[in-house]
file final.cif (mmCIF, C-alpha atoms)
data_structure
#
loop_
_atom_site.group_PDB
_atom_site.id
_atom_site.type_symbol
_atom_site.label_atom_id
_atom_site.label_comp_id
_atom_site.auth_asym_id
_atom_site.auth_seq_id
_atom_site.Cartn_x
_atom_site.Cartn_y
_atom_site.Cartn_z
ATOM 1 C CA MET A 1 315.977 69.665 96.653
ATOM 2 C CA ASP A 2 313.786 72.317 95.006
ATOM 3 C CA THR A 3 315.924 74.284 92.571
ATOM 4 C CA ARG A 4 313.107 76.516 91.321
ATOM 5 C CA LEU A 5 313.739 80.240 91.473
ATOM 6 C CA ASN A 6 311.677 82.707 93.470
ATOM 7 C CA ARG A 7 309.023 84.485 91.427
ATOM 8 C CA PRO A 8 309.675 88.190 90.818
ATOM 9 C CA THR A 9 307.196 90.880 91.851
ATOM 10 C CA PRO A 10 305.295 92.145 88.776
ATOM 11 C CA SER A 11 306.108 95.679 87.630
ATOM 12 C CA ASP A 12 303.870 97.861 85.461
ATOM 13 C CA ARG A 13 306.889 98.683 83.281
ATOM 14 C CA GLU A 14 307.616 97.018 79.948
ATOM 15 C CA VAL A 15 310.926 95.362 79.157
ATOM 16 C CA ASP A 16 313.013 97.591 76.891
ATOM 17 C CA TRP A 17 313.805 95.211 74.034
ATOM 18 C CA ASN A 18 314.457 95.158 70.303
ATOM 19 C CA LYS A 19 311.075 94.121 68.914
ATOM 20 C CA ASN A 20 312.582 92.860 65.676
ATOM 21 C CA LYS A 21 314.091 89.980 67.625
ATOM 22 C CA VAL A 22 312.662 86.460 67.496
ATOM 23 C CA LEU A 23 312.673 84.605 70.819
ATOM 24 C CA LEU A 24 313.065 80.834 70.541
ATOM 25 C CA SER A 25 312.777 78.039 73.074
ATOM 26 C CA LYS A 26 312.428 74.284 73.092
ATOM 27 C CA THR A 27 310.766 72.276 75.862
ATOM 28 C CA ASP A 28 310.012 68.666 76.615
ATOM 29 C CA LYS A 29 306.390 67.513 76.591
ATOM 30 C CA LYS A 30 305.924 68.645 80.204
ATOM 31 C CA GLY A 31 307.052 72.195 79.395
ATOM 32 C CA THR A 32 310.546 72.002 80.912
ATOM 33 C CA ILE A 33 312.964 74.313 79.094
ATOM 34 C CA LEU A 34 315.643 72.403 77.173
ATOM 35 C CA TYR A 35 316.952 75.262 75.047
ATOM 36 C CA ALA A 36 316.540 79.039 74.755
ATOM 37 C CA ASN A 37 318.200 81.261 72.174
ATOM 38 C CA GLU A 38 320.229 84.334 73.098
ATOM 39 C CA ASP A 39 317.358 86.729 72.371
ATOM 40 C CA PHE A 40 314.985 84.773 74.635
ATOM 41 C CA ILE A 41 317.607 84.842 77.394
ATOM 42 C CA ASP A 42 318.261 88.583 76.961
ATOM 43 C CA VAL A 43 314.590 89.596 77.056
ATOM 44 C CA SER A 44 313.715 87.265 79.944
ATOM 45 C CA GLY A 45 316.515 88.743 82.076
ATOM 46 C CA TYR A 46 317.553 85.313 83.339
ATOM 47 C CA ASP A 47 320.945 83.728 82.847
ATOM 48 C CA GLU A 48 320.928 80.656 80.624
ATOM 49 C CA PHE A 49 321.694 78.328 83.550
ATOM 50 C CA GLU A 50 318.675 79.752 85.410
ATOM 51 C CA LEU A 51 316.310 78.849 82.540
ATOM 52 C CA ILE A 52 317.475 75.407 81.437
ATOM 53 C CA GLY A 53 315.682 72.655 83.363
ATOM 54 C CA GLN A 54 313.036 75.045 84.701
ATOM 55 C CA PRO A 55 309.308 74.899 83.839
ATOM 56 C CA HIS A 56 308.440 77.327 81.044
ATOM 57 C CA ASN A 57 305.976 79.087 83.327
ATOM 58 C CA ILE A 58 309.022 80.701 84.965
ATOM 59 C CA VAL A 59 308.226 83.611 82.595
ATOM 60 C CA ARG A 60 304.434 83.470 82.996
ATOM 61 C CA HIS A 61 302.853 86.761 84.026
ATOM 62 C CA PRO A 62 300.057 86.667 86.666
ATOM 63 C CA ASP A 63 297.927 88.880 84.361
ATOM 64 C CA MET A 64 297.525 85.915 81.994
ATOM 65 C CA PRO A 65 294.148 84.154 82.259
ATOM 66 C CA LYS A 66 294.494 80.399 82.746
ATOM 67 C CA VAL A 67 291.889 79.705 80.053
ATOM 68 C CA ILE A 68 294.324 80.849 77.330
ATOM 69 C CA PHE A 69 296.749 78.121 78.411
ATOM 70 C CA LYS A 70 293.861 75.633 78.516
ATOM 71 C CA PHE A 71 293.092 76.507 74.878
ATOM 72 C CA LEU A 72 296.780 76.081 74.120
ATOM 73 C CA TRP A 73 297.056 72.635 75.728
ATOM 74 C CA ASP A 74 293.735 71.430 74.267
ATOM 75 C CA SER A 75 295.070 72.235 70.788
ATOM 76 C CA ILE A 76 298.403 70.568 71.495
ATOM 77 C CA LYS A 77 296.659 67.418 72.795
ATOM 78 C CA SER A 78 294.778 67.331 69.482
ATOM 79 C CA SER A 79 298.195 67.458 67.738
ATOM 80 C CA GLU A 80 297.497 70.934 66.361
ATOM 81 C CA ASN A 81 300.143 73.640 66.161
ATOM 82 C CA ILE A 82 298.825 76.878 67.652
ATOM 83 C CA HIS A 83 299.839 80.472 68.206
ATOM 84 C CA VAL A 84 298.688 82.632 71.093
ATOM 85 C CA ILE A 85 299.277 86.150 72.389
ATOM 86 C CA ILE A 86 300.979 85.941 75.780
ATOM 87 C CA LYS A 87 302.106 88.442 78.397
ATOM 88 C CA ASN A 88 305.377 87.232 79.885
ATOM 89 C CA MET A 89 307.313 88.453 82.897
ATOM 90 C CA ALA A 90 311.070 88.969 82.999
ATOM 91 C CA LYS A 91 313.280 88.303 86.020
ATOM 92 C CA THR A 92 313.040 92.018 86.869
ATOM 93 C CA GLY A 93 309.227 91.779 87.102
ATOM 94 C CA ARG A 94 308.799 93.826 83.927
ATOM 95 C CA TYR A 95 306.422 92.519 81.255
ATOM 96 C CA TYR A 96 306.712 91.843 77.524
ATOM 97 C CA TRP A 97 303.959 90.840 75.082
ATOM 98 C CA VAL A 98 304.609 88.280 72.349
ATOM 99 C CA VAL A 99 302.674 86.207 69.849
ATOM 100 C CA THR A 100 304.025 82.688 70.278
ATOM 101 C CA ASP A 101 303.795 79.995 67.640
ATOM 102 C CA PHE A 102 303.971 76.538 69.239
ATOM 103 C CA LYS A 103 305.069 73.690 66.999
ATOM 104 C CA ILE A 104 304.830 70.096 68.148
ATOM 105 C CA VAL A 105 308.022 67.997 68.102
ATOM 106 C CA ALA A 106 307.191 64.308 67.555
ATOM 107 C CA ASP A 107 309.296 61.164 67.411
ATOM 108 C CA THR A 108 309.297 58.625 64.552
ATOM 109 C CA ASP A 109 306.188 56.960 66.028
ATOM 110 C CA GLY A 110 304.292 60.256 66.034
ATOM 111 C CA GLU A 111 304.432 60.592 69.814
ATOM 112 C CA ILE A 112 304.772 64.148 71.156
ATOM 113 C CA VAL A 113 308.192 64.561 72.768
ATOM 114 C CA GLY A 114 308.343 68.339 73.060
ATOM 115 C CA PHE A 115 307.508 71.756 71.679
ATOM 116 C CA PHE A 116 309.324 74.506 69.831
ATOM 117 C CA GLY A 117 308.191 78.059 70.549
ATOM 118 C CA THR A 118 308.828 81.017 68.239
ATOM 119 C CA ARG A 119 307.946 84.445 69.673
ATOM 120 C CA LYS A 120 307.578 87.805 67.993
ATOM 121 C CA SER A 121 306.414 91.181 69.278
ATOM 122 C CA VAL A 122 302.780 92.299 68.928
ATOM 123 C CA PRO A 123 301.812 95.855 67.868
ATOM 124 C CA ASN A 124 301.080 97.848 71.017
ATOM 125 C CA GLU A 125 297.739 99.206 69.751
ATOM 126 C CA ILE A 126 296.408 95.637 69.335
ATOM 127 C CA ILE A 127 297.360 94.835 72.931
ATOM 128 C CA VAL A 128 295.839 98.033 74.346
ATOM 129 C CA LYS A 129 292.626 98.050 72.274
ATOM 130 C CA PHE A 130 291.757 94.354 72.127
ATOM 131 C CA ILE A 131 293.908 91.868 74.029
ATOM 132 C CA GLU A 132 294.348 93.579 77.416
ATOM 133 C CA PRO A 133 290.595 94.300 77.845
ATOM 134 C CA LEU A 134 289.691 90.720 76.829
ATOM 135 C CA TYR A 135 292.314 89.083 79.070
ATOM 136 C CA LYS A 136 291.389 91.353 81.990
ATOM 137 C CA LYS A 137 287.748 90.297 81.663
ATOM 138 C CA LEU A 138 288.692 86.592 81.443
ATOM 139 C CA LEU A 139 290.890 86.927 84.538
ATOM 140 C CA GLN A 140 288.088 88.647 86.484
ATOM 141 C CA ILE A 141 285.649 85.866 85.521
ATOM 142 C CA GLU A 142 288.192 83.205 86.558
ATOM 143 C CA GLU A 143 288.757 84.847 89.931
ATOM 144 C CA THR A 144 285.031 85.183 90.566
ATOM 145 C CA SER A 145 283.500 82.081 88.954
ATOM 146 C CA GLY A 146 286.335 79.757 87.908
ATOM 147 C CA ILE A 147 288.059 78.687 84.714
ATOM 148 C CA GLN A 148 284.993 76.961 83.238
ATOM 149 C CA ALA A 149 283.001 80.200 83.318
ATOM 150 C CA SER A 150 285.973 81.992 81.760
ATOM 151 C CA GLU A 151 286.151 79.393 78.991
ATOM 152 C CA GLU A 152 282.416 79.674 78.292
ATOM 153 C CA TYR A 153 282.739 83.446 77.988
ATOM 154 C CA LEU A 154 285.691 83.117 75.594
ATOM 155 C CA VAL A 155 283.834 80.554 73.471
ATOM 156 C CA GLY A 156 280.860 82.928 73.224
ATOM 157 C CA PHE A 157 283.149 85.862 72.427
ATOM 158 C CA LEU A 158 284.726 83.902 69.548
ATOM 159 C CA GLU A 159 281.401 82.494 68.325
ATOM 160 C CA GLU A 160 280.065 86.046 67.995
ATOM 161 C CA ARG A 161 282.988 86.768 65.662
ATOM 162 C CA LYS A 162 282.668 83.398 63.872
ATOM 163 C CA LYS A 163 286.348 82.738 64.459
ATOM 164 C CA THR A 164 288.586 80.350 66.352
ATOM 165 C CA TYR A 165 291.041 81.914 68.801
ATOM 166 C CA MET A 166 293.845 81.628 66.244
ATOM 167 C CA GLU A 167 291.721 83.130 63.467
ATOM 168 C CA TYR A 168 290.818 86.033 65.765
ATOM 169 C CA ILE A 169 294.489 86.665 66.624
ATOM 170 C CA ASP A 170 295.500 86.451 62.949
ATOM 171 C CA HIS A 171 292.719 88.877 62.006
ATOM 172 C CA LEU A 172 293.747 91.397 64.668
ATOM 173 C CA ILE A 173 297.397 91.311 63.622
ATOM 174 C CA ALA A 174 296.575 91.497 59.898
ATOM 175 C CA THR A 175 293.950 94.272 60.073
ATOM 176 C CA GLY A 176 294.266 95.974 63.467
ATOM 177 C CA LYS A 177 290.465 95.651 63.787
ATOM 178 C CA ASP A 178 288.009 93.481 65.701
ATOM 179 C CA ASP A 179 285.257 93.778 63.032
ATOM 180 C CA LYS A 180 282.710 92.223 65.392
ATOM 181 C CA ASN A 181 279.760 94.100 63.897
ATOM 182 C CA LYS A 182 280.689 93.290 60.307
ATOM 183 C CA ILE A 183 280.752 89.537 60.815
ATOM 184 C CA SER A 184 277.242 88.666 62.050
ATOM 185 C CA LYS A 185 275.166 89.286 58.923
ATOM 186 C CA GLY A 186 272.394 86.793 59.603
ATOM 187 C CA LEU A 187 268.594 87.036 59.683
ATOM 188 C CA PHE A 188 268.384 89.362 62.683
ATOM 189 C CA SER A 189 270.924 91.879 61.425
ATOM 190 C CA GLY A 190 269.016 91.979 58.138
ATOM 191 C CA LEU A 191 265.755 92.700 59.977
ATOM 192 C CA PHE A 192 267.373 95.487 61.990
ATOM 193 C CA GLU A 193 268.765 97.065 58.834
ATOM 194 C CA LYS A 194 265.300 97.031 57.225
ATOM 195 C CA LYS A 195 263.775 98.681 60.302
ATOM 196 C CA ASN A 196 266.416 101.373 60.243
ATOM 197 C CA ASP A 197 265.860 101.948 56.519
ATOM 198 C CA SER A 198 262.102 102.350 57.054
ATOM 199 C CA LYS A 199 262.721 105.137 59.589
ATOM 200 C CA LYS A 200 264.681 107.223 57.076
#

call {"tool": "encode", "arguments": {"input": "final.cif", "output": "structure tokens"}}
result
Amino acid sequence: MDTRLNRPTPSDREVDWNKNKVLLSKTDKKGTILYANEDFIDVSGYDEFELIGQPHNIVRHPDMPKVIFKFLWDSIKSSENIHVIIKNMAKTGRYYWVVTDFKIVADTDGEIVGFFGTRKSVPNEIIVKFIEPLYKKLLQIEETSGIQASEEYLVGFLEERKKTYMEYIDHLIATGKDDKNKISKGLFSGLFEKKNDSKK
């Protein structure tokens, strides 16, 4: 018998929640929810019994590009902890943005047995200025050309900034800036600066 719940219809309204709260959950290695703290339950809008035993993607928002989760799982398979910015969807269909830190839970033999997720709010201006436009573009590429094309775009986007995904997220949260133009100071940027100087 399939006990999975029906997916809500997405709303363009944000969940009204206390953004000082920290949302915690624990899953097995397949992403099935084993535990969720009270704050996670409150913000998700589900009752505890509705969450436990369900796949964690019960709160996944359709605006999320699949490539972000591919990056997440690739890091986890390499036994690396990772944090990502994710748009989640509550039971009401409303959305909430969080930066989620995923820590690997391993047994005494070092085998991955599950994951512990810690979620905090993300400043709204970072979402509006940087994350939403990037994710929207990745989603459009995925819908048109597939996840591989989306991944190649994201790799190029990060290479231009000389950062990994996590470094880019950390930089945005720490500074509130993309700083794309300040990072690439190689041969070509030097030549362009000289040309501009000669015109003065």

call {"tool": "resolve_selection", "arguments": {"input": "final.cif", "expression": "the PyMOL selection byres ((chain A and resi 16) around 12)", "output": "list in words"}}
result
Arg13, Glu14, Val15, Trp17, Asn18, Lys19, Asp42, Val43, Ser44, Gly45, Ala90, Thr92, Arg94, Tyr95, Tyr96, Trp97 and Ser121 of chain A

call {"tool": "write_last_selection", "arguments": {"input": "final.cif", "atoms": "C-alpha atoms", "output": "short mmCIF file (atom, residue, chain, number, x, y, z; two decimals), in the frame of the given file"}}
result
data_model
loop_
_atom_site.label_atom_id
_atom_site.label_comp_id
_atom_site.auth_asym_id
_atom_site.auth_seq_id
_atom_site.Cartn_x
_atom_site.Cartn_y
_atom_site.Cartn_z
CA ARG A 13 306.89 98.68 83.28
CA GLU A 14 307.62 97.02 79.95
CA VAL A 15 310.93 95.36 79.16
CA TRP A 17 313.80 95.21 74.03
CA ASN A 18 314.46 95.16 70.30
CA LYS A 19 311.08 94.12 68.91
CA ASP A 42 318.26 88.58 76.96
CA VAL A 43 314.59 89.60 77.06
CA SER A 44 313.71 87.26 79.94
CA GLY A 45 316.52 88.74 82.08
CA ALA A 90 311.07 88.97 83.00
CA THR A 92 313.04 92.02 86.87
CA ARG A 94 308.80 93.83 83.93
CA TYR A 95 306.42 92.52 81.26
CA TYR A 96 306.71 91.84 77.52
CA TRP A 97 303.96 90.84 75.08
CA SER A 121 306.41 91.18 69.28
#

call {"tool": "residues_around", "arguments": {"input": "final.cif", "residues": "A:Glu132", "least_positions_apart": "5", "cutoff": "10 Å", "atoms": "all atoms listed in the file", "output": "ChimeraX atom specification"}}
result
/A:63-64,87,126-127,137-138

call {"tool": "residues_around", "arguments": {"input": "final.cif", "residues": "A:Gln148", "least_positions_apart": "3", "cutoff": "12 Å", "atoms": "all atoms listed in the file", "output": "mmCIF file with C-alpha atoms, in the coordinates of the input"}}
result
data_model
loop_
_atom_site.group_PDB
_atom_site.id
_atom_site.type_symbol
_atom_site.label_atom_id
_atom_site.label_comp_id
_atom_site.auth_asym_id
_atom_site.auth_seq_id
_atom_site.Cartn_x
_atom_site.Cartn_y
_atom_site.Cartn_z
ATOM 1 C CA PRO A 65 294.148 84.154 82.259
ATOM 2 C CA LYS A 66 294.494 80.399 82.746
ATOM 3 C CA VAL A 67 291.889 79.705 80.053
ATOM 4 C CA ILE A 68 294.324 80.849 77.330
ATOM 5 C CA LYS A 70 293.861 75.633 78.516
ATOM 6 C CA PHE A 71 293.092 76.507 74.878
ATOM 7 C CA LEU A 138 288.692 86.592 81.443
ATOM 8 C CA LEU A 139 290.890 86.927 84.538
ATOM 9 C CA ILE A 141 285.649 85.866 85.521
ATOM 10 C CA GLU A 142 288.192 83.205 86.558
ATOM 11 C CA GLU A 143 288.757 84.847 89.931
ATOM 12 C CA THR A 144 285.031 85.183 90.566
ATOM 13 C CA SER A 145 283.500 82.081 88.954
ATOM 14 C CA GLU A 151 286.151 79.393 78.991
ATOM 15 C CA GLU A 152 282.416 79.674 78.292
ATOM 16 C CA TYR A 153 282.739 83.446 77.988
ATOM 17 C CA LEU A 154 285.691 83.117 75.594
ATOM 18 C CA VAL A 155 283.834 80.554 73.471
#

call {"tool": "atom_distance", "arguments": {"input": "final.cif", "atom1": "atom CA of A:Asn37", "atom2": "atom CA of A:Thr118"}}
result
10.2 Å

call {"tool": "residues_near_point", "arguments": {"input": "final.cif", "point": "(297.7, 96.5, 68.8)", "cutoff": "12 Å", "atoms": "only C-alpha atoms", "output": "number ranges by chain"}}
result
A: 85, 97-99, 121-133, 169-178

call {"tool": "write_last_selection", "arguments": {"input": "final.cif", "atoms": "C-alpha atoms", "output": "mmCIF file, in the frame of the given file"}}
result
data_model
loop_
_atom_site.group_PDB
_atom_site.id
_atom_site.type_symbol
_atom_site.label_atom_id
_atom_site.label_comp_id
_atom_site.auth_asym_id
_atom_site.auth_seq_id
_atom_site.Cartn_x
_atom_site.Cartn_y
_atom_site.Cartn_z
ATOM 1 C CA ILE A 85 299.277 86.150 72.389
ATOM 2 C CA TRP A 97 303.959 90.840 75.082
ATOM 3 C CA VAL A 98 304.609 88.280 72.349
ATOM 4 C CA VAL A 99 302.674 86.207 69.849
ATOM 5 C CA SER A 121 306.414 91.181 69.278
ATOM 6 C CA VAL A 122 302.780 92.299 68.928
ATOM 7 C CA PRO A 123 301.812 95.855 67.868
ATOM 8 C CA ASN A 124 301.080 97.848 71.017
ATOM 9 C CA GLU A 125 297.739 99.206 69.751
ATOM 10 C CA ILE A 126 296.408 95.637 69.335
ATOM 11 C CA ILE A 127 297.360 94.835 72.931
ATOM 12 C CA VAL A 128 295.839 98.033 74.346
ATOM 13 C CA LYS A 129 292.626 98.050 72.274
ATOM 14 C CA PHE A 130 291.757 94.354 72.127
ATOM 15 C CA ILE A 131 293.908 91.868 74.029
ATOM 16 C CA GLU A 132 294.348 93.579 77.416
ATOM 17 C CA PRO A 133 290.595 94.300 77.845
ATOM 18 C CA ILE A 169 294.489 86.665 66.624
ATOM 19 C CA ASP A 170 295.500 86.451 62.949
ATOM 20 C CA HIS A 171 292.719 88.877 62.006
ATOM 21 C CA LEU A 172 293.747 91.397 64.668
ATOM 22 C CA ILE A 173 297.397 91.311 63.622
ATOM 23 C CA ALA A 174 296.575 91.497 59.898
ATOM 24 C CA THR A 175 293.950 94.272 60.073
ATOM 25 C CA GLY A 176 294.266 95.974 63.467
ATOM 26 C CA LYS A 177 290.465 95.651 63.787
ATOM 27 C CA ASP A 178 288.009 93.481 65.701
#

call {"tool": "atom_distance", "arguments": {"input": "final.cif", "atom1": "atom CA of A:Ser78", "atom2": "atom CA of A:Thr27"}}
result
17.9 Å
